[in-house]
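So this block is query-v1.csv, CSV, C-alpha atoms and all ligand atoms:
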```
chain,number,residue,atom,x,y,z
A,1,MET,CA,70.0,13.6,25.3
A,2,GLY,CA,68.3,16.4,27.2
A,3,ARG,CA,64.7,16.5,28.2
A,4,MET,CA,62.4,17.4,25.3
A,5,ASP,CA,60.9,20.9,25.4
A,6,MET,CA,57.2,20.3,25.8
A,7,PRO,CA,54.3,22.6,26.7
A,8,ALA,CA,52.5,21.8,29.9
A,9,PHE,CA,50.4,18.7,29.3
A,10,ASP,CA,47.7,17.0,31.4
A,11,ARG,CA,47.5,13.4,30.2
A,12,ASP,CA,44.5,12.7,32.5
A,13,ALA,CA,42.6,15.4,30.7
A,14,VAL,CA,43.1,13.7,27.4
A,15,SER,CA,42.0,10.4,28.9
A,16,ARG,CA,38.9,12.1,30.3
A,17,GLU,CA,38.1,13.6,26.9
A,18,LEU,CA,38.5,10.2,25.2
A,19,ARG,CA,36.0,8.6,27.7
A,20,LYS,CA,33.6,11.5,27.3
A,21,THR,CA,33.8,11.4,23.5
A,22,ARG,CA,33.1,7.6,23.6
A,23,ALA,CA,30.2,8.0,26.0
A,24,LEU,CA,28.6,10.7,23.9
A,25,ALA,CA,29.1,8.8,20.7
A,26,LEU,CA,27.5,5.7,22.2
A,27,SER,CA,24.6,7.6,23.7
A,28,ALA,CA,24.0,9.3,20.3
A,29,LEU,CA,23.9,5.8,18.8
A,30,VAL,CA,21.4,4.5,21.4
A,31,SER,CA,19.2,7.5,20.6
A,32,GLY,CA,19.4,6.5,16.9
A,33,LEU,CA,18.3,3.0,17.9
A,34,GLY,CA,15.4,4.6,19.8
A,35,VAL,CA,14.4,6.4,16.5
A,36,ILE,CA,14.3,3.0,14.7
A,37,GLY,CA,12.2,1.4,17.4
A,38,GLY,CA,9.8,4.4,17.4
A,39,VAL,CA,9.4,4.1,13.6
A,40,ALA,CA,8.6,0.4,13.9
A,41,LEU,CA,5.9,1.3,16.5
A,42,VAL,CA,4.5,4.0,14.3
A,43,LEU,CA,4.1,1.5,11.4
A,44,VAL,CA,2.0,-0.7,13.7
A,45,ASP,CA,-0.1,2.1,15.1
A,46,LEU,CA,0.2,5.8,14.6
A,47,GLU,CA,0.2,7.5,18.0
A,48,GLU,CA,1.2,11.1,18.9
A,49,VAL,CA,3.3,9.9,21.9
A,50,THR,CA,5.4,7.7,19.6
A,51,LEU,CA,5.9,10.6,17.2
A,52,LEU,CA,7.1,12.8,20.1
A,53,PHE,CA,9.4,10.0,21.3
A,54,ILE,CA,10.9,9.8,17.8
A,55,ALA,CA,11.4,13.5,17.6
A,56,GLY,CA,13.1,13.5,21.0
A,57,CYS,CA,15.4,10.7,20.0
A,58,VAL,CA,16.4,12.5,16.8
A,59,VAL,CA,17.2,15.7,18.6
A,60,LEU,CA,19.2,13.8,21.3
A,61,GLN,CA,21.1,11.8,18.6
A,62,VAL,CA,22.1,15.0,16.8
A,63,VAL,CA,23.0,17.0,19.9
A,64,LEU,CA,24.9,14.1,21.6
A,65,GLY,CA,26.7,13.3,18.3
A,66,LEU,CA,27.8,16.9,17.8
A,67,LEU,CA,28.9,17.2,21.5
A,68,GLY,CA,30.9,14.0,21.1
A,69,PHE,CA,32.5,15.4,18.0
A,70,GLY,CA,33.3,18.7,19.7
A,71,VAL,CA,34.9,17.1,22.8
A,72,GLY,CA,36.9,14.7,20.6
A,73,ARG,CA,38.2,17.4,18.3
A,74,ARG,CA,39.3,19.5,21.3
A,75,GLY,CA,41.3,16.5,22.5
A,76,VAL,CA,42.8,15.9,19.1
A,77,GLU,CA,43.8,19.6,18.8
A,78,ARG,CA,45.3,19.6,22.2
A,79,ILE,CA,47.5,16.6,21.3
A,80,LYS,CA,48.4,18.1,18.0
A,81,ALA,CA,49.6,21.3,19.7
A,82,LEU,CA,52.1,19.2,21.7
A,83,ARG,CA,53.9,18.2,18.4
A,84,LEU,CA,55.1,15.0,19.9
A,85,PRO,CA,57.6,12.9,18.0
A,86,VAL,CA,55.7,9.7,18.9
A,87,GLU,CA,51.9,9.4,18.6
A,88,LEU,CA,50.1,9.3,22.0
A,89,THR,CA,48.1,6.1,22.7
A,90,GLU,CA,44.9,8.1,23.1
A,91,ALA,CA,45.3,10.0,19.8
A,92,GLY,CA,44.0,7.3,17.4
A,93,PRO,CA,40.9,6.3,19.5
A,94,LEU,CA,40.1,9.9,20.1
A,95,ARG,CA,40.1,10.7,16.4
A,96,ARG,CA,38.0,7.6,15.5
A,97,TRP,CA,35.4,8.2,18.2
A,98,SER,CA,35.0,11.9,17.3
A,99,ILE,CA,34.5,11.0,13.6
A,100,PHE,CA,32.1,8.2,14.6
A,101,SER,CA,30.2,10.8,16.8
A,102,LEU,CA,30.0,13.2,13.8
A,103,VAL,CA,28.7,10.4,11.5
A,104,VAL,CA,26.0,9.5,14.0
A,105,ALA,CA,24.9,13.2,14.3
A,106,ILE,CA,24.8,13.5,10.4
A,107,CYS,CA,22.7,10.2,10.3
A,108,GLY,CA,20.4,11.9,12.8
A,109,VAL,CA,19.9,14.9,10.6
A,110,LEU,CA,19.3,12.9,7.5
A,111,GLY,CA,17.0,10.4,9.4
A,112,GLY,CA,15.1,13.4,10.8
A,113,LEU,CA,14.5,14.8,7.3
A,114,LEU,CA,13.4,11.4,6.0
A,115,LEU,CA,11.1,11.0,9.0
A,116,VAL,CA,9.4,14.4,8.4
A,117,GLY,CA,8.7,13.1,4.9
A,118,LEU,CA,7.4,9.8,6.3
A,119,VAL,CA,5.1,11.5,8.8
A,120,LEU,CA,3.7,13.8,6.0
A,121,LEU,CA,3.1,10.7,3.9
A,122,ILE,CA,1.3,8.9,6.7
A,123,ALA,CA,-0.7,12.0,7.5
A,124,ALA,CA,-1.7,12.2,3.8
A,125,ALA,CA,-2.6,8.5,3.7
A,126,GLY,CA,-4.8,9.1,6.8
A,127,ALA,CA,-6.5,12.1,5.3
A,128,GLY,CA,-7.2,10.2,2.2
A,129,MET,CA,-9.9,7.6,2.1
A,130,ALA,CA,-11.4,4.8,0.2
A,131,GLY,CA,-13.1,7.1,-2.3
A,132,GLY,CA,-16.2,5.5,-3.8
A,133,ALA,CA,-15.1,2.1,-2.5
A,134,TRP,CA,-17.6,0.1,-0.7
A,135,GLY,CA,-17.1,-1.8,2.6
A,136,ARG,CA,-15.4,-1.3,5.9
A,137,PRO,CA,-11.6,-0.7,5.1
A,138,LEU,CA,-9.2,-3.3,6.3
A,139,ARG,CA,-6.4,-1.7,8.3
A,140,VAL,CA,-3.1,-2.9,9.6
A,141,GLY,CA,-1.8,-0.2,11.9
A,142,SER,CA,-2.6,3.0,10.0
A,143,ARG,CA,-2.5,1.5,6.5
A,144,THR,CA,-5.4,0.3,4.5
A,145,VAL,CA,-4.5,-3.0,2.9
A,146,GLY,CA,-5.9,-5.6,0.5
A,147,ALA,CA,-5.4,-9.0,-1.1
A,148,THR,CA,-3.1,-9.7,-4.1
A,149,LEU,CA,-5.2,-10.0,-7.2
A,150,ARG,CA,-4.2,-12.1,-10.2
A,151,THR,CA,-5.8,-12.2,-13.6
A,152,SER,CA,-5.6,-15.0,-16.0
A,153,MET,CA,-4.1,-12.6,-18.5
A,154,GLY,CA,-0.3,-13.3,-18.4
A,155,THR,CA,0.4,-15.0,-15.1
A,156,ALA,CA,-1.2,-18.3,-14.0
A,157,LEU,CA,-3.7,-18.4,-11.1
A,158,GLU,CA,-1.2,-20.1,-8.9
A,159,ARG,CA,-2.3,-19.4,-5.3
A,160,GLY,CA,-5.5,-17.4,-5.7
A,161,HIS,CA,-9.1,-18.5,-5.6
A,162,ARG,CA,-11.9,-17.2,-7.8
A,163,TRP,CA,-14.5,-15.3,-5.8
A,164,ALA,CA,-16.7,-14.2,-8.6
A,165,ASP,CA,-20.3,-15.4,-8.1
A,166,GLY,CA,-23.5,-13.7,-9.0
A,167,HIS,CA,-25.6,-12.1,-11.7
A,168,ARG,CA,-23.4,-10.6,-14.5
A,169,PRO,CA,-24.0,-7.3,-16.3
A,170,ARG,CA,-24.8,-7.2,-20.1
A,171,VAL,CA,-21.5,-6.1,-21.6
A,172,GLU,CA,-22.2,-6.6,-25.4
A,173,PRO,CA,-23.5,-3.1,-26.1
A,174,LEU,CA,-20.5,-1.4,-24.4
A,175,ASP,CA,-17.4,-0.2,-26.3
A,176,GLU,CA,-14.0,-1.4,-25.4
A,177,ALA,CA,-12.9,1.6,-23.3
A,178,THR,CA,-16.1,1.7,-21.3
A,179,ARG,CA,-15.9,-2.0,-20.6
A,180,HIS,CA,-12.4,-1.7,-19.4
A,181,ALA,CA,-13.1,1.4,-17.3
A,182,LEU,CA,-16.1,-0.3,-15.7
A,183,GLY,CA,-14.0,-3.5,-15.1
A,184,MET,CA,-11.2,-1.5,-13.3
A,185,MET,CA,-13.7,0.4,-11.1
A,186,TRP,CA,-15.7,-2.7,-10.1
A,187,LEU,CA,-12.4,-4.6,-9.5
A,188,HIS,CA,-11.3,-1.9,-7.2
A,189,ASP,CA,-14.6,-2.1,-5.3
A,190,ALA,CA,-14.4,-5.9,-5.2
A,191,SER,CA,-11.0,-5.7,-3.6
A,192,LYS,CA,-12.3,-3.3,-0.9
A,193,GLU,CA,-15.3,-5.5,-0.2
A,194,HIS,CA,-13.0,-8.5,0.1
A,195,GLY,CA,-10.9,-6.5,2.7
A,196,SER,CA,-14.1,-5.8,4.7
A,197,VAL,CA,-14.5,-9.5,5.5
A,198,PRO,CA,-11.3,-9.7,7.7
A,199,ALA,CA,-12.0,-6.1,8.9
A,200,PHE,CA,-15.3,-7.3,10.5
A,201,ALA,CA,-13.5,-10.5,11.8
A,202,GLN,CA,-11.0,-8.2,13.5
A,203,LEU,CA,-13.7,-6.0,14.9
A,204,THR,CA,-15.5,-9.1,16.3
A,205,TRP,CA,-12.3,-10.1,18.0
A,206,GLN,CA,-11.8,-6.6,19.4
A,207,LEU,CA,-15.4,-6.4,20.7
A,208,ALA,CA,-15.1,-9.8,22.4
A,209,ALA,CA,-11.9,-8.5,24.0
A,210,LEU,CA,-13.9,-5.5,25.4
A,211,GLY,CA,-16.7,-7.7,26.7
A,212,ALA,CA,-19.3,-6.5,24.2
A,213,PRO,CA,-22.9,-7.9,24.2
A,214,ALA,CA,-23.7,-10.9,22.0
A,215,GLU,CA,-25.9,-8.9,19.8
A,216,LEU,CA,-23.1,-6.6,18.6
A,217,LEU,CA,-20.9,-9.6,17.9
A,218,ALA,CA,-23.7,-11.4,16.0
A,219,ARG,CA,-24.3,-8.3,13.8
A,220,CYS,CA,-20.5,-8.1,13.1
A,221,GLN,CA,-20.4,-11.7,12.0
A,222,HIS,CA,-23.5,-11.2,9.9
A,223,SER,CA,-21.9,-8.1,8.3
A,224,ALA,CA,-18.8,-10.1,7.4
A,225,LEU,CA,-21.1,-12.7,5.6
A,226,GLN,CA,-22.8,-9.8,3.7
A,227,GLU,CA,-19.3,-8.4,2.7
A,228,ILE,CA,-18.4,-11.9,1.3
A,229,ASP,CA,-21.5,-11.7,-0.8
A,230,HIS,CA,-20.7,-8.1,-1.9
A,231,ALA,CA,-17.2,-9.1,-2.8
A,232,GLN,CA,-18.3,-12.2,-4.8
A,233,ARG,CA,-20.9,-10.1,-6.8
A,234,CYS,CA,-18.4,-7.3,-7.4
A,235,PHE,CA,-15.8,-9.8,-8.6
A,236,ALA,CA,-18.4,-11.3,-10.9
A,237,ALA,CA,-19.2,-7.9,-12.4
A,238,ALA,CA,-15.4,-7.1,-12.8
A,239,GLU,CA,-14.8,-10.5,-14.5
A,240,ALA,CA,-17.7,-9.8,-16.9
A,241,TYR,CA,-16.5,-6.3,-17.9
A,242,LEU,CA,-12.8,-7.3,-18.1
A,243,ASP,CA,-13.6,-10.7,-19.8
A,244,THR,CA,-11.1,-12.5,-17.6
A,245,GLU,CA,-10.9,-14.7,-14.6
A,246,ILE,CA,-9.7,-13.1,-11.4
A,247,GLY,CA,-7.9,-15.0,-8.6
A,248,VAL,CA,-7.9,-13.5,-5.1
A,249,GLY,CA,-4.6,-14.2,-3.4
A,250,PRO,CA,-3.3,-13.8,0.2
A,251,ILE,CA,-3.3,-10.4,2.1
A,252,PRO,CA,0.4,-10.1,2.8
A,253,ALA,CA,0.0,-7.3,5.2
A,254,ILE,CA,-2.2,-9.4,7.5
A,255,VAL,CA,0.3,-12.3,7.4
A,256,SER,CA,3.2,-10.1,8.5
A,257,GLY,CA,1.3,-7.5,10.5
A,258,SER,CA,0.3,-7.7,14.1
A,259,SER,CA,-2.4,-6.1,16.2
A,260,SER,CA,-1.5,-4.7,19.6
A,261,THR,CA,-3.8,-4.4,22.6
A,262,ARG,CA,-2.5,-2.4,25.4
A,263,GLY,CA,-5.2,-2.4,28.1
A,264,PRO,CA,-9.0,-2.3,27.6
A,265,VAL,CA,-9.3,1.5,27.7
A,266,ARG,CA,-6.7,2.0,25.0
A,267,LEU,CA,-8.3,-0.8,22.9
A,268,ALA,CA,-11.7,0.8,23.3
A,269,CYS,CA,-10.2,4.1,22.2
A,270,LEU,CA,-8.7,2.4,19.1
A,271,VAL,CA,-12.0,0.6,18.2
A,272,ALA,CA,-14.0,3.8,18.8
A,273,ARG,CA,-11.9,6.0,16.6
A,274,GLN,CA,-11.6,3.5,13.8
A,275,THR,CA,-15.3,2.7,14.0
A,276,LEU,CA,-16.1,6.4,13.8
A,277,GLU,CA,-14.1,6.8,10.6
A,278,ASP,CA,-14.4,3.4,8.9
A,279,GLY,CA,-17.9,2.5,10.0
A,280,CYS,CA,-20.0,5.5,11.0
A,281,PHE,CA,-18.6,7.8,8.3
A,282,ILE,CA,-17.3,5.6,5.5
A,283,GLU,CA,-20.0,2.9,5.5
A,284,ASP,CA,-22.8,5.5,5.7
A,285,LEU,CA,-21.0,7.3,2.8
A,286,ASN,CA,-20.7,4.0,0.9
A,287,ALA,CA,-24.5,3.6,1.4
A,288,ASP,CA,-25.1,7.1,0.0
A,289,PHE,CA,-22.9,6.3,-3.0
A,290,ALA,CA,-24.7,3.0,-3.6
A,291,GLU,CA,-28.1,4.6,-3.3
A,292,ARG,CA,-27.1,7.2,-5.9
A,293,ALA,CA,-25.6,4.6,-8.1
A,294,HIS,CA,-28.8,2.6,-7.9
A,295,THR,CA,-30.9,5.6,-9.1
A,296,LEU,CA,-28.5,6.0,-12.1
A,297,ALA,CA,-28.2,2.3,-13.0
A,298,ARG,CA,-30.2,0.8,-15.9
A,299,ASP,CA,-28.4,-2.6,-16.3
A,300,SER,CA,-30.5,-5.1,-14.3
A,301,ALA,CA,-27.5,-6.9,-12.6
A,302,MET,CA,-26.0,-3.6,-11.6
A,303,ARG,CA,-29.4,-2.3,-10.3
A,304,SER,CA,-29.8,-5.3,-8.0
A,305,LEU,CA,-26.1,-5.2,-6.9
A,306,THR,CA,-26.2,-1.5,-6.0
A,307,ALA,CA,-29.6,-1.9,-4.2
A,308,CYS,CA,-28.2,-4.7,-2.1
A,309,ILE,CA,-25.0,-2.8,-1.3
A,310,ALA,CA,-26.9,0.3,-0.4
A,311,ARG,CA,-29.2,-1.5,2.0
A,312,GLU,CA,-26.5,-3.6,3.7
A,313,GLU,CA,-23.9,-0.8,3.9
A,314,ARG,CA,-26.6,1.3,5.7
A,315,GLU,CA,-27.0,-1.7,8.2
A,316,HIS,CA,-23.2,-1.8,8.7
A,317,ALA,CA,-23.2,2.0,9.4
A,318,ALA,CA,-26.0,1.5,11.9
A,319,LEU,CA,-23.9,-1.3,13.6
A,320,ALA,CA,-20.9,1.1,13.6
A,321,TRP,CA,-23.0,3.7,15.5
A,322,ASP,CA,-24.0,1.1,18.1
A,323,ILE,CA,-20.4,0.0,18.5
A,324,LEU,CA,-19.3,3.6,18.9
A,325,ARG,CA,-21.9,4.1,21.7
A,326,PHE,CA,-20.8,0.9,23.4
A,327,CYS,CA,-17.2,2.0,23.4
A,328,VAL,CA,-17.8,5.6,24.6
A,329,GLU,CA,-20.1,4.2,27.4
A,330,LEU,CA,-17.3,1.9,28.6
A,331,HIS,CA,-15.1,4.7,30.0
A,332,PRO,CA,-15.1,8.5,30.0
A,333,ARG,CA,-11.6,8.6,28.5
A,334,VAL,CA,-12.9,6.9,25.4
A,335,ALA,CA,-15.5,9.7,24.8
A,336,ALA,CA,-12.8,12.3,25.4
A,337,HIS,CA,-10.5,10.5,22.9
A,338,VAL,CA,-13.2,10.4,20.3
A,339,ARG,CA,-14.0,14.1,20.8
A,340,SER,CA,-10.3,15.0,20.5
A,341,ARG,CA,-10.2,13.1,17.1
A,342,LEU,CA,-13.2,14.7,15.4
A,343,ASP,CA,-11.1,17.1,13.4
A,344,ARG,CA,-9.1,14.1,12.0
A,345,LEU,CA,-12.1,12.9,10.0
A,346,PRO,CA,-11.0,13.1,6.4
A,347,ILE,CA,-11.8,16.5,5.0
A,348,ALA,CA,-11.8,15.6,1.3
A,349,ILE,CA,-12.7,12.7,-0.9
A,350,GLU,CA,-9.9,11.4,-3.2
A,351,ILE,CA,-10.1,9.4,-6.4
A,352,PRO,CA,-8.8,6.0,-5.5
A,353,TYR,CA,-8.0,4.7,-9.0
A,354,ALA,CA,-4.6,4.3,-10.6
A,355,ILE,CA,-3.6,6.8,-13.4
A,356,SER,CA,-4.0,4.1,-16.0
A,357,THR,CA,-7.6,3.4,-14.8
A,358,MET,CA,-8.3,7.2,-14.9
A,359,GLU,CA,-7.1,7.3,-18.6
A,360,THR,CA,-9.5,4.5,-19.4
A,361,ILE,CA,-12.3,6.2,-17.6
A,362,ALA,CA,-11.6,9.4,-19.6
A,363,ARG,CA,-12.1,7.5,-22.9
A,364,ALA,CA,-15.2,5.7,-21.6
A,365,ASP,CA,-18.8,6.6,-22.4
A,366,PRO,CA,-20.0,8.6,-19.3
A,367,GLN,CA,-23.7,7.7,-19.9
A,368,ALA,CA,-22.9,4.0,-20.0
A,369,LEU,CA,-20.7,4.3,-16.8
A,370,ALA,CA,-23.7,5.8,-14.9
A,371,GLU,CA,-26.1,3.2,-16.3
A,372,HIS,CA,-23.7,0.5,-15.0
A,373,GLY,CA,-23.8,1.9,-11.4
A,374,ARG,CA,-20.9,4.4,-11.4
A,375,VAL,CA,-21.5,7.8,-9.7
A,376,PRO,CA,-20.0,10.7,-11.8
A,377,PHE,CA,-16.9,12.3,-10.2
A,378,ASP,CA,-18.6,15.7,-10.0
A,379,GLU,CA,-21.1,14.3,-7.5
A,380,TRP,CA,-18.5,12.8,-5.2
A,381,THR,CA,-17.6,16.0,-3.2
A,382,PRO,CA,-21.2,17.1,-2.4
A,383,LEU,CA,-22.1,13.6,-1.3
A,384,PHE,CA,-18.9,13.4,0.8
A,385,GLU,CA,-19.4,16.9,2.4
A,386,MET,CA,-23.0,16.2,3.3
A,387,ARG,CA,-22.1,12.9,4.9
A,388,ARG,CA,-19.2,14.4,6.8
A,389,GLU,CA,-21.4,17.1,8.2
A,390,ARG,CA,-24.1,14.7,9.3
A,391,THR,CA,-21.6,12.3,10.9
A,392,LEU,CA,-20.1,15.2,12.9
A,393,GLN,CA,-23.5,16.3,14.1
A,394,ARG,CA,-24.5,12.8,15.1
A,395,VAL,CA,-21.3,12.0,16.9
A,396,ARG,CA,-21.3,15.3,18.8
A,397,ALA,CA,-24.9,14.6,19.9
A,398,LEU,CA,-24.0,11.0,20.9
A,399,LEU,CA,-21.0,12.3,23.0
A,400,ASP,CA,-23.1,15.0,24.7
A,401,GLU,CA,-25.8,12.5,25.5
A,402,VAL,CA,-23.4,9.9,26.9
A,403,GLY,CA,-21.6,12.7,28.8
A,404,SER,CA,-24.8,14.0,30.4
A,405,VAL,CA,-26.0,10.5,31.4
A,406,ALA,CA,-22.6,9.8,33.0
A,407,GLY,CA,-22.8,13.1,34.8
A,408,LEU,CA,-26.3,12.4,36.1
A,409,ALA,CA,-25.2,8.9,37.3
A,410,GLN,CA,-22.2,10.5,39.1
A,411,ALA,CA,-24.4,13.1,40.7
A,412,HIS,CA,-26.8,10.4,41.8
A,413,LEU,CA,-23.9,8.4,43.3
A,414,ASN,CA,-22.6,11.5,45.1
A,415,ALA,CA,-26.0,12.3,46.5
A,416,SER,CA,-26.6,8.7,47.9
B,1,FE,FE,-19.8,-2.6,4.7
B,2,FE,FE,-19.8,-4.0,1.4
```

Starting from the coordinates I provided, produce the structure as structure tokens.
Amino acid sequence: MGRMDMPAFDRDAVSRELRKTRALALSALVSGLGVIGGVALVLVDLEEVTLLFIAGCVVLQVVLGLLGFGVGRRGVERIKALRLPVELTEAGPLRRWSIFSLVVAICGVLGGLLLVGLVLLIAAAGAGMAGGAWGRPLRVGSRTVGATLRTSMGTALERGHRWADGHRPRVEPLDEATRHALGMMWLHDASKEHGSVPAFAQLTWQLAALGAPAELLARCQHSALQEIDHAQRCFAAAEAYLDTEIGVGPIPAIVSGSSSTRGPVRLACLVARQTLEDGCFIEDLNADFAERAHTLARDSAMRSLTACIAREEREHAALAWDILRFCVELHPRVAAHVRSRLDRLPIAIEIPYAISTMETIARADPQALAEHGRVPFDEWTPLFEMRRERTLQRVRALLDEVGSVAGLAQAHLNAS
């Protein structure tokens, strides 16, 4: 048999293409793993650098995947053009790696689209806030979390403990819809107050890590005790309106979540920005709401509850302002960080209730809601905007003051 008539063929080139395709496919895969790692980090703590890292990984994954596919296809085409009677050893792996490369690139595109959605969701969650809820929000990473609540209606109170303790409102004159609406709203607040207890414990822990003075830690611990009292009294009100017993279960997000500290300056930045939003802004706003609720309330239990919450939330806000000062005085980078985050303060108040609760509220007697310590929805935005404006003014003044004191100290140091 004579020699087969074959076009010029460089076998080394095919081997090179196979190696290149495999390397590109595996690099694209590693970028994809980078995306997954980045997402895990974002869920613990939302940071711009992590988002940039994820975006970079997605782009790399898609570009490397497509390159791998291109190189692989070229090799496959080259082999095809030879029309060999027997398949070349490289042909199978080349085809498989180029398809694998394409799949990784497609996953990158789909993952990228999903991530854009996730980022928008997280941003929306960050822009939202606790609404009329009272207490410092409990956060794990960028999420606000709370305990599992169980009522004696339906399921048994297996693992929960009843927190309800305190003066109960008079519910007999209320119609069914109003009672239910009041119950759902006070239950929501009770759950937020309950979350404030570990939120202050976490803050105490962070302040101790930053070497804060005893006085700030003592006020934090005292605030946590006040939040326990708020929670117990709110649960008592919710039980009375809903005519049921409520068990407070575990907080699954704390059990599985973790808190990361990466150096004192970064921890101080984290504490400062969370304190600005959750303490200086939200607790002052909570106090505004409670004061307004107190002027509206006629029921004696709800009058004393709103008075107590108004007074003590104002104390918690004052503590938050002192903690913020402590943090920005620790290091100039903390002040710069807080200043750079001012436009992230929530810009609008959102109604925090579920649709079903909103339906009940719509059927309830608005006069009775107000007399039982609920601020009407049309007053929420003016209260919110006034507090936001005051918070921004106050934090800017604080940052200017701390900045000029630091500047003077530096000048003094340079002169001596
Ligand atoms: Fe509070
Ligand atoms: Fe509270």

| request: May I ask for the distance between atom CA of A:Asp189 and atom CA of A:Leu118, given in Å to one decimal place? | output: 27.6 Å

| Within 10 Å of stretch 8-23 of chain A using only C-alpha atoms, minus same-chain residues under 5 positions, as a count of residues only | 33

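Taking atom CA of A:Arg143 and atom CA of A:Arg374 as the two end points, the separation is 25.8 Å.
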
Between stretch 247-331 of chain A and stretch 213-225 of chain A, at 10 Å or less, what are the per-residue closest atom pairs and their distances in Å? Count only C-alpha atoms, order by chain and rising residue number, and return it as CSV.
```
residue,atom,partner,partner_atom,distance
A:Glu312,CA,A:Ser223,CA,7.9
A:Glu313,CA,A:Ser223,CA,8.8
A:Glu315,CA,A:Ser223,CA,8.2
A:His316,CA,A:Ser223,CA,6.4
A:Leu319,CA,A:Arg219,CA,7.0
A:Ala320,CA,A:Cys220,CA,9.2
A:Asp322,CA,A:Leu216,CA,7.8
A:Ile323,CA,A:Leu216,CA,7.1
A:Phe326,CA,A:Pro213,CA,9.1
```

Compile a residue-level contact table for chain A against ligand FE 1 (chain B) at a cut-off of 8 Å, reporting for every qualifying residue the shortest atom pair and its distance in Å to one decimal, with all atoms listed in the file counted, rows ordered by chain and ascending number, as CSV.
```
residue,atom,partner,partner_atom,distance
A:Trp134,CA,B:FE1,FE,6.4
A:Gly135,CA,B:FE1,FE,3.5
A:Arg136,CA,B:FE1,FE,4.7
A:Glu193,CA,B:FE1,FE,7.3
A:Ser196,CA,B:FE1,FE,6.5
A:Ser223,CA,B:FE1,FE,6.9
A:Gln226,CA,B:FE1,FE,7.9
A:Glu227,CA,B:FE1,FE,6.2
A:Gly279,CA,B:FE1,FE,7.6
A:Glu283,CA,B:FE1,FE,5.6
A:Asn286,CA,B:FE1,FE,7.7
A:Ile309,CA,B:FE1,FE,7.9
A:Glu312,CA,B:FE1,FE,6.8
A:Glu313,CA,B:FE1,FE,4.5
A:Arg314,CA,B:FE1,FE,7.9
A:His316,CA,B:FE1,FE,5.3
A:Ala317,CA,B:FE1,FE,7.4
```

| query | Of the candidates A:Arg298, A:Ala181, A:Arg292, A:Trp380, which one gets nearest to A:Ile355 if we count only C-alpha atoms? | reply |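 So, comparing all the options, the nearest one is A:Ala181.
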
| task | Between A:Val265, A:Leu187, A:Ala212, A:Val197, single out the one closest to A:Gly247, counting all atoms listed in the file. | result |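 When distances to A:Gly247 are compared using all atoms listed in the file, the smallest one comes from A:Leu187.
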
| request: Grab the atom CA of A:Thr391 to atom CA of A:Cys269 distance for me, in Å with one decimal place. | output: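 It comes out at 18.0 Å.
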
| task | Rank A:Val30, A:Leu296, A:Ala290, A:Val109 by their smallest atom-to-atom distance to A:Gln367, using only C-alpha atoms, and report the top residue only. | result |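 For A:Gln367, the nearest of the given residues is A:Leu296.
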
| query | Around (19.4, 14.0, 19.9) in the file's own coordinates, what residues are found within 10 Å if you use all atoms listed in the file, given back as a VMD selection string? | reply | chain A and resid 27 to 32 35 54 to 66 104 to 105 108 to 109

| query | Which of these, A:Arg162, A:His372, A:Arg387, A:Arg139, has the shortest distance to A:Gly183 once you count all atoms listed in the file? | reply |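 Closest to A:Gly183, using all atoms listed in the file: A:His372.
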